[in-house]
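Just below is one structure, and these are the notes that go with it.
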Amino acid sequence: MNRVLSIVKKDVTQIFRNRFMAVITFLAIFIYAIVFHVMPSKVEETYSMGFYFEKGREAVEEQISEEEGVEAVWADNEKELKKLVEDEDVQAGLSFTLPEGKPKIVLYTSSQTPEEIREAGDVIAREAAYNLSGYPLNVAFDEVVIGPDLLGKQIPARNKMRILFVVVLLAVEFYALGNLISEEIRKKTADAILVTPVSISEFMTAKVATGIFLTFFEGLLAAFLLNIISINTVVPFIVFLLLGALLVVAFSFVLGTISRSFLGLTAYGTLFMVVFMGPAFTLIFPGGYSFWIKAVPSYYLIIPLDGIVNYGYALSDYLSEIAYLASFDLVMLLLGLYVLRRRLT
Amino acid sequence: MEKVISAEKIAYSYNKKLAVDHISFHIDKCEILGFLGPNGAGKTTTLKMLIGLLIPQDGKISILGMDTAKELNKIQAQIGVCFEEKNLYEEMSAVENLKFFASLFGVKKLDVVALLEKVNLPVDKRQKVASFSKGMKQRLMMARSLVNQPKVLFLDEPTDGLDPVSARAVRDVILKEKEKGATIFLTTHDMLEADKLSDRVAFINEGKISVIDTPENLKHEHGKRILKVRYRLDGEVKEEELSLEDKDMSKRIDEINSKHSILDMHTEEATLEDIFIKFTGRKLEG
């Protein structure tokens, strides 16, 4: 046990003596924290819309002003409405005129207006038209939210991104630990250790311990700085962070063993990193991913982390993900240990 | 004599090519065995089998009376290894390197200063090994191999590429360890070093040991002892080699002396390299 601890202590010292690794690790954590705190903490859910009514403004003004989530700006003429849209004072503008006695509704949007805003404006315009005509649609309308109702408490982009940050941090640890193992093999320092009473099993145990220790505590530090930890999230977050750390260790064993130079380490490391981080992009671009993403082990780390941290799901909601991830960890770790043992002997 | 290291018909092959071909040898207590051979002869593979980095594919190795296949960890606790590669932790200082390896041996009180002084290395707790010269690194390697006060030392090319001062410092340490009772396995392709340090030398070539004996015996039995005489003949310097075993040698010297002016004469012994070439047909450097 003392020998394992000695190696862990040496490994940690060695990793942080490597200025590049130390800088990218801690710089990354603090830059992520700064980016997180600089980004907006709330989602802008109010839809600002300009209105111009040639006639009948009084009939709808009260109703529109009471509409939840719509901030109405009233224009006195069509030219003024266009100016409001052009200057981006409003996201869209609705004009109701009566040329030749026939009602005409025009929706003004700028070229920068997103598609969903245009569609929302279109809906508001139609609803207003039905009201103006005195014939509201004879349809019962009800709204039911499946899952957590995020009305008024939308997840800000920065909260989604912090999961990505944590995953990037774990991926950086591939390099640190992979580089450590690769150097031990390339520079034959592993040989120097293995001719002492240290067995191969003790050597590999030390590397696993170093990897988990570093990954876990860096992950925890990032979690504190990114406001991830709360009473509700602490236990499930730690469970998934530990499983994630084990996955990182397993990957880095393979990476460190197969890399015969720093260039090789960088090339293989990038490949591992892209695959590992793939599922994290589904958080930023939901719906835009292929079925194969579920074959990536980190999917079962990232999706539950997002659910727990951002949506308040409990650990019990992700038991199958834990089972998948633990199985992947075990398989990958056995593979990593096998290739490393082969290389050392 | 107590046999500290004993190898019986050990063999190892890489991709079906025999690197070490069923060799046998032993080393007695307090003895230095020089393992001589050119690059690729099988020296390092033999060393790796002895220290437990490779498992012999055939044969048996016993060190300090223990079988390496069964009690490797116990053996490794009592040996010191100085590798040919400078496999030190370069981001750490000499003191940190030594303390780390001492901790692996369970050595709690290591006198780092004394150890560094022993190998003639200045003590600087902050200087990283990365900034050391080749000679300093080699002396630190030597110090590292001594952290556990080993009974058996394995030294792989310990003076290779060193300046004369560093080489001498390393040789002095080797001889002091021998005096203290250590048994030493020394691989080298430097025949002068082997001659100076070894009690016996083994010639290895293409995985096989050609001969094992003391350097003196080898030179005596297999070398040619000659007397070189230089004299002046018609204004030109001539040189003649006379065998010391030749009965008519004195007669020939008298003859030269009577007719010519002898400039100088001296005896010359065969070198280990000459004998190595005689046995293997190869040069040590190659």
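To be explicit about the labels: the chains of the structure tokens are called A, B, and onward in the order shown, and within each one the residues are counted from 1, while ligands get numbers from 1 in the order they are shown.
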
- [ ] Pull the alpha helix (DSSP H) assignments for segment 44-261 of chain B out of DSSP run on the backbone, and list those residues as JSON, numbers by chain.
- [x] {"B": [44, 45, 46, 47, 48, 49, 50, 51, 72, 73, 74, 75, 76, 94, 95, 96, 97, 98, 99, 100, 101, 102, 103, 104, 112, 113, 114, 115, 116, 117, 118, 134, 135, 136, 137, 138, 139, 140, 141, 142, 143, 144, 164, 165, 166, 167, 168, 169, 170, 171, 172, 173, 174, 175, 176, 177, 178, 179, 191, 192, 193, 194, 195, 196, 197, 215, 216, 217, 218, 219, 220, 221, 222, 249, 250, 251, 252, 253, 254, 255, 256, 257, 258, 259]}

For those residues, write C-alpha atoms to a file as a PDB file, in the first residue's frame.
```
ATOM      1  CA  THR B  44      20.700  -6.620 -22.231  1.00  0.00           C
ATOM      2  CA  THR B  45      18.243  -9.475 -22.753  1.00  0.00           C
ATOM      3  CA  THR B  46      20.264 -11.571 -20.300  1.00  0.00           C
ATOM      4  CA  LEU B  47      20.288  -8.677 -17.842  1.00  0.00           C
ATOM      5  CA  LYS B  48      16.519  -8.184 -18.198  1.00  0.00           C
ATOM      6  CA  MET B  49      15.954 -11.864 -17.393  1.00  0.00           C
ATOM      7  CA  LEU B  50      18.175 -11.614 -14.333  1.00  0.00           C
ATOM      8  CA  ILE B  51      16.399  -8.562 -12.927  1.00  0.00           C
ATOM      9  CA  LEU B  72      11.051 -12.247  -7.650  1.00  0.00           C
ATOM     10  CA  ASN B  73       9.838  -9.561  -5.244  1.00  0.00           C
ATOM     11  CA  LYS B  74      12.094 -10.813  -2.452  1.00  0.00           C
ATOM     12  CA  ILE B  75      15.020 -10.846  -4.861  1.00  0.00           C
ATOM     13  CA  GLN B  76      14.219  -7.386  -6.195  1.00  0.00           C
ATOM     14  CA  ALA B  94      18.129  14.246  -7.715  1.00  0.00           C
ATOM     15  CA  VAL B  95      17.002  14.214  -4.084  1.00  0.00           C
ATOM     16  CA  GLU B  96      13.364  13.630  -5.061  1.00  0.00           C
ATOM     17  CA  ASN B  97      14.359  10.820  -7.409  1.00  0.00           C
ATOM     18  CA  LEU B  98      16.392   9.077  -4.725  1.00  0.00           C
ATOM     19  CA  LYS B  99      13.748   9.525  -2.035  1.00  0.00           C
ATOM     20  CA  PHE B 100      11.052   8.180  -4.335  1.00  0.00           C
ATOM     21  CA  PHE B 101      12.990   5.014  -5.128  1.00  0.00           C
ATOM     22  CA  ALA B 102      13.977   4.588  -1.489  1.00  0.00           C
ATOM     23  CA  SER B 103      10.290   4.668  -0.583  1.00  0.00           C
ATOM     24  CA  LEU B 104       9.622   1.843  -3.055  1.00  0.00           C
ATOM     25  CA  VAL B 112      20.706  11.359   0.480  1.00  0.00           C
ATOM     26  CA  VAL B 113      23.658  13.680   1.033  1.00  0.00           C
ATOM     27  CA  ALA B 114      26.032  10.818   1.774  1.00  0.00           C
ATOM     28  CA  LEU B 115      24.752   8.879  -1.218  1.00  0.00           C
ATOM     29  CA  LEU B 116      25.192  11.818  -3.575  1.00  0.00           C
ATOM     30  CA  GLU B 117      28.662  12.484  -2.192  1.00  0.00           C
ATOM     31  CA  LYS B 118      29.509   8.835  -2.713  1.00  0.00           C
ATOM     32  CA  LYS B 134      25.076  13.060 -19.161  1.00  0.00           C
ATOM     33  CA  GLY B 135      27.803  12.321 -16.608  1.00  0.00           C
ATOM     34  CA  MET B 136      25.715  13.726 -13.735  1.00  0.00           C
ATOM     35  CA  LYS B 137      22.715  11.673 -14.807  1.00  0.00           C
ATOM     36  CA  GLN B 138      24.824   8.530 -14.953  1.00  0.00           C
ATOM     37  CA  ARG B 139      26.210   9.187 -11.464  1.00  0.00           C
ATOM     38  CA  LEU B 140      22.664   9.709 -10.222  1.00  0.00           C
ATOM     39  CA  MET B 141      21.677   6.416 -11.874  1.00  0.00           C
ATOM     40  CA  MET B 142      24.491   4.800  -9.960  1.00  0.00           C
ATOM     41  CA  ALA B 143      23.325   6.432  -6.715  1.00  0.00           C
ATOM     42  CA  ARG B 144      19.777   5.268  -7.374  1.00  0.00           C
ATOM     43  CA  PRO B 164      36.958  10.321 -18.163  1.00  0.00           C
ATOM     44  CA  VAL B 165      36.226  12.034 -14.816  1.00  0.00           C
ATOM     45  CA  SER B 166      32.656  10.743 -14.619  1.00  0.00           C
ATOM     46  CA  ALA B 167      33.727   7.290 -15.806  1.00  0.00           C
ATOM     47  CA  ARG B 168      36.354   7.127 -13.113  1.00  0.00           C
ATOM     48  CA  ALA B 169      33.855   8.245 -10.448  1.00  0.00           C
ATOM     49  CA  VAL B 170      31.491   5.460 -11.498  1.00  0.00           C
ATOM     50  CA  ARG B 171      34.303   2.851 -11.577  1.00  0.00           C
ATOM     51  CA  ASP B 172      35.408   3.874  -8.076  1.00  0.00           C
ATOM     52  CA  VAL B 173      31.875   3.377  -6.767  1.00  0.00           C
ATOM     53  CA  ILE B 174      31.690  -0.073  -8.374  1.00  0.00           C
ATOM     54  CA  LEU B 175      34.961  -1.155  -6.761  1.00  0.00           C
ATOM     55  CA  LYS B 176      33.912   0.243  -3.362  1.00  0.00           C
ATOM     56  CA  GLU B 177      30.643  -1.685  -3.513  1.00  0.00           C
ATOM     57  CA  LYS B 178      32.573  -4.827  -4.324  1.00  0.00           C
ATOM     58  CA  GLU B 179      34.840  -4.217  -1.324  1.00  0.00           C
ATOM     59  CA  MET B 191      37.012  -4.103 -22.990  1.00  0.00           C
ATOM     60  CA  LEU B 192      39.297  -1.721 -21.089  1.00  0.00           C
ATOM     61  CA  GLU B 193      36.612  -1.163 -18.472  1.00  0.00           C
ATOM     62  CA  ALA B 194      35.936  -4.893 -18.249  1.00  0.00           C
ATOM     63  CA  ASP B 195      39.644  -5.533 -17.873  1.00  0.00           C
ATOM     64  CA  LYS B 196      39.976  -2.952 -15.078  1.00  0.00           C
ATOM     65  CA  LEU B 197      36.880  -3.961 -13.117  1.00  0.00           C
ATOM     66  CA  PRO B 215      41.078 -11.555 -17.954  1.00  0.00           C
ATOM     67  CA  GLU B 216      44.594 -12.712 -16.983  1.00  0.00           C
ATOM     68  CA  ASN B 217      43.887 -16.337 -17.851  1.00  0.00           C
ATOM     69  CA  LEU B 218      42.313 -15.384 -21.147  1.00  0.00           C
ATOM     70  CA  LYS B 219      45.252 -13.212 -22.084  1.00  0.00           C
ATOM     71  CA  HIS B 220      47.718 -15.802 -20.933  1.00  0.00           C
ATOM     72  CA  GLU B 221      46.067 -18.756 -22.622  1.00  0.00           C
ATOM     73  CA  HIS B 222      44.718 -17.178 -25.744  1.00  0.00           C
ATOM     74  CA  MET B 249      64.482 -14.573 -28.622  1.00  0.00           C
ATOM     75  CA  SER B 250      67.618 -13.590 -26.602  1.00  0.00           C
ATOM     76  CA  LYS B 251      69.854 -14.680 -29.420  1.00  0.00           C
ATOM     77  CA  ARG B 252      67.972 -12.508 -31.890  1.00  0.00           C
ATOM     78  CA  ILE B 253      68.148  -9.466 -29.542  1.00  0.00           C
ATOM     79  CA  ASP B 254      71.929  -9.927 -29.215  1.00  0.00           C
ATOM     80  CA  GLU B 255      72.173 -10.137 -32.985  1.00  0.00           C
ATOM     81  CA  ILE B 256      70.227  -6.889 -33.507  1.00  0.00           C
ATOM     82  CA  ASN B 257      72.206  -5.158 -30.783  1.00  0.00           C
ATOM     83  CA  SER B 258      75.549  -6.147 -32.277  1.00  0.00           C
ATOM     84  CA  LYS B 259      74.693  -4.966 -35.781  1.00  0.00           C
TER      85      LYS B 259
END
```

Task: Residue list (strand (DSSP E or B), DSSP) for segment 33-281 of chain B, as number ranges by chain - done: B: 33-36, 58-63, 66-67, 79-82, 93, 128, 152-156, 183-188, 200-205, 208-213, 226-233, 236-243, 261-268

Might you pull out every residue within 10 Å of Asp89 of chain A, with only C-alpha atoms counted and same-chain residues fewer than 3 positions away left off, and present them as a PDB file with N, CA, C and O atoms, in the first residue's frame?
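Okay, this is what ended up in selection03.pdb:
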```
ATOM      1  N   SER A  48     -40.939  40.647 -27.796  1.00  0.00           N
ATOM      2  CA  SER A  48     -41.337  42.037 -28.022  1.00  0.00           C
ATOM      3  C   SER A  48     -41.879  42.195 -29.446  1.00  0.00           C
ATOM      4  O   SER A  48     -41.248  41.725 -30.397  1.00  0.00           O
ATOM      5  N   MET A  49     -43.035  42.816 -29.525  1.00  0.00           N
ATOM      6  CA  MET A  49     -43.688  42.915 -30.827  1.00  0.00           C
ATOM      7  C   MET A  49     -44.300  44.305 -31.002  1.00  0.00           C
ATOM      8  O   MET A  49     -44.892  44.866 -30.073  1.00  0.00           O
ATOM      9  N   GLY A  50     -44.102  44.829 -32.201  1.00  0.00           N
ATOM     10  CA  GLY A  50     -44.677  46.137 -32.508  1.00  0.00           C
ATOM     11  C   GLY A  50     -46.054  45.965 -33.162  1.00  0.00           C
ATOM     12  O   GLY A  50     -46.270  44.995 -33.886  1.00  0.00           O
ATOM     13  N   VAL A  73     -45.417  46.962 -28.265  1.00  0.00           N
ATOM     14  CA  VAL A  73     -44.984  48.344 -28.496  1.00  0.00           C
ATOM     15  C   VAL A  73     -45.909  48.892 -29.592  1.00  0.00           C
ATOM     16  O   VAL A  73     -46.041  48.264 -30.648  1.00  0.00           O
ATOM     17  N   LEU A  81     -43.736  51.671 -37.430  1.00  0.00           N
ATOM     18  CA  LEU A  81     -43.645  50.229 -37.121  1.00  0.00           C
ATOM     19  C   LEU A  81     -42.427  49.591 -37.806  1.00  0.00           C
ATOM     20  O   LEU A  81     -41.659  48.840 -37.199  1.00  0.00           O
ATOM     21  N   LYS A  83     -39.786  51.067 -38.757  1.00  0.00           N
ATOM     22  CA  LYS A  83     -38.555  51.605 -38.123  1.00  0.00           C
ATOM     23  C   LYS A  83     -38.227  50.811 -36.844  1.00  0.00           C
ATOM     24  O   LYS A  83     -37.049  50.513 -36.581  1.00  0.00           O
ATOM     25  N   LEU A  84     -39.284  50.489 -36.083  1.00  0.00           N
ATOM     26  CA  LEU A  84     -39.077  49.717 -34.844  1.00  0.00           C
ATOM     27  C   LEU A  84     -38.437  48.362 -35.150  1.00  0.00           C
ATOM     28  O   LEU A  84     -37.526  47.908 -34.446  1.00  0.00           O
ATOM     29  N   VAL A  85     -38.916  47.726 -36.227  1.00  0.00           N
ATOM     30  CA  VAL A  85     -38.382  46.409 -36.614  1.00  0.00           C
ATOM     31  C   VAL A  85     -36.948  46.551 -37.138  1.00  0.00           C
ATOM     32  O   VAL A  85     -36.058  45.778 -36.777  1.00  0.00           O
ATOM     33  N   GLU A  86     -36.793  47.577 -37.980  1.00  0.00           N
ATOM     34  CA  GLU A  86     -35.487  47.812 -38.602  1.00  0.00           C
ATOM     35  C   GLU A  86     -34.405  48.077 -37.540  1.00  0.00           C
ATOM     36  O   GLU A  86     -33.290  47.558 -37.625  1.00  0.00           O
ATOM     37  N   ALA A  92     -40.562  41.618 -34.009  1.00  0.00           N
ATOM     38  CA  ALA A  92     -41.426  41.579 -35.204  1.00  0.00           C
ATOM     39  C   ALA A  92     -42.473  42.692 -35.095  1.00  0.00           C
ATOM     40  O   ALA A  92     -42.695  43.232 -34.001  1.00  0.00           O
ATOM     41  N   GLY A  93     -43.057  43.018 -36.198  1.00  0.00           N
ATOM     42  CA  GLY A  93     -44.092  44.057 -36.169  1.00  0.00           C
ATOM     43  C   GLY A  93     -45.336  43.601 -36.931  1.00  0.00           C
ATOM     44  O   GLY A  93     -45.224  42.956 -37.974  1.00  0.00           O
TER      45      GLY A  93
END
```

Open item on the list: Which residue is closest to chain B? Choose from A:Ser316, A:Thr13, A:Asn77, A:Thr215 and count only C-alpha atoms.
Closed with: A:Thr13

- [ ] Select residues of chain A: the criterion is any atom within 9 Å of an atom of chain B, counting only C-alpha atoms; output as number ranges by chain.
- [x] A: 2-4, 6-7, 10, 13-14, 17-18, 184, 187-199, 344-345

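Around segment 295-304 of chain A, within 8 Å and counting only C-alpha atoms, the residues found are Ile163, Val167, Phe240, Leu243, Gly244, Val275, Phe276, Met277, Gly278, Pro279, Ala280, Leu283, Phe291, Ile308, Tyr318, Glu321, Ile322, Tyr324, Leu325 and Phe328 of chain A, once anything fewer than 4 positions away on its own chain is removed.
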
Kindly export the residues of the current selection with C-alpha atoms, as a PDB file, in the first residue's frame.
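Dumped to result-v6.pdb:
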```pdb
ATOM      1  CA  ILE A 163     -21.869  19.962 -18.579  1.00  0.00           C
ATOM      2  CA  VAL A 167     -16.737  16.735 -20.010  1.00  0.00           C
ATOM      3  CA  PHE A 240     -21.462   9.949 -12.115  1.00  0.00           C
ATOM      4  CA  LEU A 243     -17.894   6.580 -13.033  1.00  0.00           C
ATOM      5  CA  GLY A 244     -16.665   9.193 -15.514  1.00  0.00           C
ATOM      6  CA  VAL A 275     -15.633  10.406 -29.551  1.00  0.00           C
ATOM      7  CA  PHE A 276     -15.832  11.037 -25.801  1.00  0.00           C
ATOM      8  CA  MET A 277     -17.217  14.537 -26.196  1.00  0.00           C
ATOM      9  CA  GLY A 278     -19.612  13.697 -29.033  1.00  0.00           C
ATOM     10  CA  PRO A 279     -22.649  13.153 -26.800  1.00  0.00           C
ATOM     11  CA  ALA A 280     -22.023  16.476 -25.026  1.00  0.00           C
ATOM     12  CA  LEU A 283     -26.996  19.080 -25.193  1.00  0.00           C
ATOM     13  CA  PHE A 291     -28.481   6.861 -33.235  1.00  0.00           C
ATOM     14  CA  ILE A 308     -29.535  15.756 -12.710  1.00  0.00           C
ATOM     15  CA  TYR A 318     -30.843   6.911 -14.182  1.00  0.00           C
ATOM     16  CA  GLU A 321     -27.539   4.533 -17.330  1.00  0.00           C
ATOM     17  CA  ILE A 322     -25.470   3.744 -14.209  1.00  0.00           C
ATOM     18  CA  TYR A 324     -24.510   0.779 -18.716  1.00  0.00           C
ATOM     19  CA  LEU A 325     -21.741   3.140 -17.653  1.00  0.00           C
ATOM     20  CA  PHE A 328     -18.512   0.136 -20.047  1.00  0.00           C
TER      21      PHE A 328
END
```

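Residues with any atom within 6 Å of segment 19-28 of chain B, counting only C-alpha atoms and excluding same-chain neighbours fewer than 3 positions away, are Glu2, Lys3, Val4, Ile5, Ser6, Ala7, Glu8, Lys9, Ile10, Ala11, Tyr12, Ser13, Glu31, Gly42, Gly207 and Lys208 of chain B.
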
- [ ] Name all residues at most 10 Å from Phe217 of chain A (count only C-alpha atoms; drop same-chain ones fewer than 6 positions away) and give them as an MDAnalysis selection string.
- [x] chainID A and resid 223 241:242 245

Give me a file of those residues, with N, CA, C and O atoms, as an mmCIF file, in the first residue's frame.
```cif
data_model
loop_
_atom_site.group_PDB
_atom_site.id
_atom_site.type_symbol
_atom_site.label_atom_id
_atom_site.label_comp_id
_atom_site.auth_asym_id
_atom_site.auth_seq_id
_atom_site.Cartn_x
_atom_site.Cartn_y
_atom_site.Cartn_z
ATOM 1 N N ALA A 223 -17.004 21.701 -10.659
ATOM 2 C CA ALA A 223 -18.421 21.684 -10.271
ATOM 3 C C ALA A 223 -18.740 22.810 -9.299
ATOM 4 O O ALA A 223 -19.778 23.463 -9.412
ATOM 5 N N LEU A 241 -19.568 11.353 -11.531
ATOM 6 C CA LEU A 241 -18.194 11.842 -11.711
ATOM 7 C C LEU A 241 -17.186 10.709 -11.485
ATOM 8 O O LEU A 241 -16.212 10.566 -12.232
ATOM 9 N N LEU A 242 -17.447 9.884 -10.490
ATOM 10 C CA LEU A 242 -16.553 8.743 -10.226
ATOM 11 C C LEU A 242 -16.576 7.751 -11.389
ATOM 12 O O LEU A 242 -15.530 7.254 -11.815
ATOM 13 N N ALA A 245 -14.688 9.326 -14.126
ATOM 14 C CA ALA A 245 -13.244 9.296 -13.862
ATOM 15 C C ALA A 245 -12.666 7.924 -14.209
ATOM 16 O O ALA A 245 -11.585 7.810 -14.791
#
```

Open item on the list: Excluding segment 331-337 of chain A and its own-chain neighbours fewer than 5 positions away, which residues fall within 6 Å of it when counting only C-alpha atoms? Please give them as a list in words.
Closed with: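 Residues meeting the cut-off are Ala250, Phe253 and Val254 of chain A.
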
Open item on the list: What does the structure give for the distance between atom CA of Ser93 of chain B and atom CA of Ala182 of chain B, in Å to one decimal?
Closed with: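 Rounded to one decimal, the two atoms are 27.3 Å apart.
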
Task: Pairwise distance for atom CA of Ser252 of chain A and atom CA of Ile181 of chain A, rounded to one decimal in Å - done: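 Between atom CA of Ser252 of chain A and atom CA of Ile181 of chain A the gap is 8.0 Å.
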